[in-house]
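Engineer: Submitted below is the structure of interest, expressed as structure tokens.
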Amino acid sequence: MDRIDAMKVFVAALDEGSLAGASRKTGRSAAAVSRAIAFLEAHVGVPLLHRTTRSIKLSEAGERYALACRKVLQDLEEADRQAAGERSVPRGTLTITAPVVAGVEFLRAIVDDFMEEYPTVTIRLYLLDRPVNLIDEGIDIALRISHLADSTLVAHHVGDVRRVVAASPRYLSKHPRIVEPADLGKHQIIAMTHFGLESWSFPPVAGSSIPRAVSFTPRFVVNSVRAAASSAVDAHGVTRLFSYHIATEIKEGLLRVILADAEQGPIPVHLVSPYGRLSVPKVRAFVDFALPRLRAQFACFAKDASK
């Protein structure tokens, strides 16, 4: 059996979540799909999948092999397009990742419009609130909200966001005033998984170089932005989120930003891709399409926030 062909079956099984799904997607019999997986496992000498009657799960070796397979198939697809003289025609599957809320609020509509403009491109959009290795996980483009350190990525700046502390007017009216970060120790804290579970850091006071850290025992810990924001709106405590997470609640007066004078510096937002991927037509087309739209959104967002 051809190894590349078997890799395609293997990846199809992962994408569909079952061997039966791979059978439907590839147009092969269930027996042929099983043979393809068995062929790869015999070739590498270790099990790649743990199978049950209804689902499949990657083994530890399978996780590493799956990443390699996706990269190999992606490179072959691009080589085929170049050999066929189709460098200028965006086509194929484009894989994008973004943080959950940013993906929903900013990127999803752009993706929809892009697919209308380029009907030969299919998009997989993964909304993940975790670091993603673009090369290892076969990602073409990512929306990143952070200070970038990876020099292997090509980055396009689209805007900035702030990390803000907020509470509802109702909560603030019933609890002690919050004038400086240390006052947070007297309050109920709604902690987000990625924003500090036991302490929050603030810039140094004038004349010092040591950041201020405020420790607390959170009343509520949650890994959902929407849940943290809703709990704060319902007057259950003080939370810390990115400014765009609660822009609507602030605009409608449901939440109020506090400690604005003690905010950390703005955090840049970039559209990034692995070095060399911009030469791929589908990647170049999306970057050119998305950049002006994202910059306009973040500029409008910054203008509203300044009010």
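In the structure tokens, chains take letters A, B, ... by order of appearance, with residues numbered from 1 within each chain and ligands from 1 in the order shown.
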Pick out the residues sitting within 6 Å of range 218-229 of chain A, and hand them over as a list in words; count only C-alpha atoms, and ignore anything fewer than 6 positions along from it in its own chain.
Structural biologist: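 Contacts, in chain order: Gln188, Ile189, Ile190, Ala191, Met192 and Thr193 of chain A.
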Engineer: Apply DSSP to the structure's backbone, then extract all residues of range 13-239 of chain A labelled alpha helix (DSSP H) and return them as number ranges by chain.
Structural biologist: A: 13-16, 19-26, 30-44, 60-83, 100-102, 108-117, 169-174, 225-233
Engineer: Excluding same-chain residues fewer than 5 positions from Asp160 in chain A, what lies within 10 Å of it counting only C-alpha atoms, as a PyMOL selection string?
Structural biologist: chain A and resi 145-146+243-244+265-270+295+298-299+301-302
Engineer: Keeping only N, CA, C and O atoms, take the residues you just selected and write them out as an mmCIF file, in the first residue's frame.
Structural biologist:
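The new file selection_1.cif reads:
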data_model
loop_
_atom_site.group_PDB
_atom_site.id
_atom_site.type_symbol
_atom_site.label_atom_id
_atom_site.label_comp_id
_atom_site.auth_asym_id
_atom_site.auth_seq_id
_atom_site.Cartn_x
_atom_site.Cartn_y
_atom_site.Cartn_z
ATOM 1 N N ILE A 145 -2.877 37.335 20.584
ATOM 2 C CA ILE A 145 -2.994 38.490 21.473
ATOM 3 C C ILE A 145 -1.925 38.324 22.539
ATOM 4 O O ILE A 145 -2.158 37.723 23.594
ATOM 5 N N SER A 146 -0.738 38.815 22.243
ATOM 6 C CA SER A 146 0.396 38.649 23.169
ATOM 7 C C SER A 146 1.606 39.366 22.584
ATOM 8 O O SER A 146 1.620 39.754 21.405
ATOM 9 N N SER A 243 -9.933 43.985 27.461
ATOM 10 C CA SER A 243 -10.935 45.030 27.264
ATOM 11 C C SER A 243 -11.994 44.637 26.240
ATOM 12 O O SER A 243 -13.169 44.980 26.396
ATOM 13 N N TYR A 244 -11.613 43.903 25.200
ATOM 14 C CA TYR A 244 -12.611 43.550 24.190
ATOM 15 C C TYR A 244 -13.586 42.492 24.701
ATOM 16 O O TYR A 244 -14.695 42.344 24.164
ATOM 17 N N GLY A 265 0.587 47.990 30.371
ATOM 18 C CA GLY A 265 0.638 48.537 29.021
ATOM 19 C C GLY A 265 -0.209 47.738 28.046
ATOM 20 O O GLY A 265 -0.581 46.586 28.323
ATOM 21 N N PRO A 266 -0.542 48.339 26.901
ATOM 22 C CA PRO A 266 -1.367 47.641 25.911
ATOM 23 C C PRO A 266 -0.685 46.372 25.394
ATOM 24 O O PRO A 266 0.545 46.283 25.345
ATOM 25 N N ILE A 267 -1.507 45.414 25.024
ATOM 26 C CA ILE A 267 -1.012 44.131 24.512
ATOM 27 C C ILE A 267 -1.283 44.088 23.015
ATOM 28 O O ILE A 267 -2.423 44.284 22.572
ATOM 29 N N PRO A 268 -0.249 43.847 22.202
ATOM 30 C CA PRO A 268 -0.445 43.872 20.751
ATOM 31 C C PRO A 268 -1.215 42.664 20.236
ATOM 32 O O PRO A 268 -1.160 41.572 20.810
ATOM 33 N N VAL A 269 -1.930 42.884 19.155
ATOM 34 C CA VAL A 269 -2.657 41.821 18.459
ATOM 35 C C VAL A 269 -2.040 41.670 17.073
ATOM 36 O O VAL A 269 -1.874 42.667 16.357
ATOM 37 N N HIS A 270 -1.687 40.453 16.710
ATOM 38 C CA HIS A 270 -1.056 40.196 15.415
ATOM 39 C C HIS A 270 -1.775 39.069 14.672
ATOM 40 O O HIS A 270 -2.335 38.160 15.294
ATOM 41 N N ARG A 295 -7.854 45.497 11.193
ATOM 42 C CA ARG A 295 -7.341 46.793 11.665
ATOM 43 C C ARG A 295 -8.476 47.789 11.858
ATOM 44 O O ARG A 295 -8.477 48.558 12.824
ATOM 45 N N PHE A 298 -10.331 46.799 15.152
ATOM 46 C CA PHE A 298 -9.609 47.128 16.374
ATOM 47 C C PHE A 298 -9.484 48.648 16.551
ATOM 48 O O PHE A 298 -9.472 49.141 17.672
ATOM 49 N N ALA A 299 -9.389 49.377 15.445
ATOM 50 C CA ALA A 299 -9.351 50.842 15.545
ATOM 51 C C ALA A 299 -10.676 51.362 16.089
ATOM 52 O O ALA A 299 -10.708 52.254 16.947
ATOM 53 N N PHE A 301 -12.782 49.665 17.887
ATOM 54 C CA PHE A 301 -12.869 49.192 19.260
ATOM 55 C C PHE A 301 -12.067 50.097 20.199
ATOM 56 O O PHE A 301 -12.513 50.464 21.270
ATOM 57 N N ALA A 302 -10.859 50.484 19.770
ATOM 58 C CA ALA A 302 -10.015 51.366 20.586
ATOM 59 C C ALA A 302 -10.667 52.730 20.765
ATOM 60 O O ALA A 302 -10.591 53.349 21.835
#
Engineer: Check range 18-121 of chain A with DSSP on the backbone and list each residue it calls strand (DSSP E or B), as an NGL selection string.
Structural biologist: :A and (49-51 or 56-58 or 92-98 or 121)
Engineer: What lies within 12 Å of range 172-175 of chain A using only C-alpha atoms, ignoring chain neighbours under 3 positions off, as a PyMOL selection string?
Structural biologist: chain A and resi 166-169+178-179+183-188+232-238+254-258
Engineer: Need to verify the contact set: Asp112 in chain A, 12 Å, only C-alpha atoms, exclusion of same-chain residues closer than 4 positions in sequence. Can you return it as JSON, numbers by chain?
Structural biologist: {"A": [103, 104, 106, 107, 108, 116, 117, 118, 119, 121, 122, 123, 124, 125, 286, 289, 290]}
Engineer: Just the residues within 8 Å of Ser215 in chain A, please, counting only C-alpha atoms, with nothing from its chain fewer than 4 positions along; format it as a PDB file with N, CA, C and O atoms, in the first residue's frame.
Structural biologist:
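Result file part.pdb:
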ATOM      1  N   GLY A 185      -7.724  43.122  47.966  1.00  0.00           N
ATOM      2  CA  GLY A 185      -7.690  42.094  48.992  1.00  0.00           C
ATOM      3  C   GLY A 185      -8.941  42.048  49.847  1.00  0.00           C
ATOM      4  O   GLY A 185      -9.193  41.042  50.522  1.00  0.00           O
ATOM      5  N   GLU A 198      -4.396  33.288  41.668  1.00  0.00           N
ATOM      6  CA  GLU A 198      -4.149  33.615  43.066  1.00  0.00           C
ATOM      7  C   GLU A 198      -3.554  35.002  43.263  1.00  0.00           C
ATOM      8  O   GLU A 198      -3.409  35.469  44.390  1.00  0.00           O
ATOM      9  N   SER A 199      -3.185  35.659  42.178  1.00  0.00           N
ATOM     10  CA  SER A 199      -2.642  37.022  42.298  1.00  0.00           C
ATOM     11  C   SER A 199      -2.738  37.720  40.949  1.00  0.00           C
ATOM     12  O   SER A 199      -2.779  37.073  39.905  1.00  0.00           O
ATOM     13  N   TRP A 200      -2.779  39.051  41.007  1.00  0.00           N
ATOM     14  CA  TRP A 200      -2.732  39.881  39.807  1.00  0.00           C
ATOM     15  C   TRP A 200      -1.552  40.830  39.931  1.00  0.00           C
ATOM     16  O   TRP A 200      -1.272  41.356  41.017  1.00  0.00           O
TER      17      TRP A 200
END
Engineer: Hey, what's within 12 Å of Asp75 in chain A if we count only C-alpha atoms and toss same-chain stuff fewer than 2 positions away? As a VMD selection string, please?
Structural biologist: chain A and resid 4 68 to 73 77 to 82 92 135 138 140 276 to 277 280
Engineer: For a quick check of understanding, using only C-alpha atoms, which of A:Gln264, A:Thr217, A:Ser18, A:Ser230 has the smallest distance to Val205 in chain A?
Structural biologist: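 Under the stated criterion, the closest residue is A:Gln264.
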Engineer: Taking only C-alpha atoms into account, which of A:Arg240, A:His194, A:His245, A:Lys25 comes nearest Val161 in chain A?
Structural biologist: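 Checking each candidate against Val161 in chain A, we get A:His245 as the closest.
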Engineer: So how many Å separate CA of Ala213 in chain A and CA of Glu180 in chain A, to one decimal?
Structural biologist: 11.7 Å
Engineer: How far is it from CA of Leu197 in chain A to CA of Arg163 in chain A, in Å with one decimal?
Structural biologist: 14.9 Å
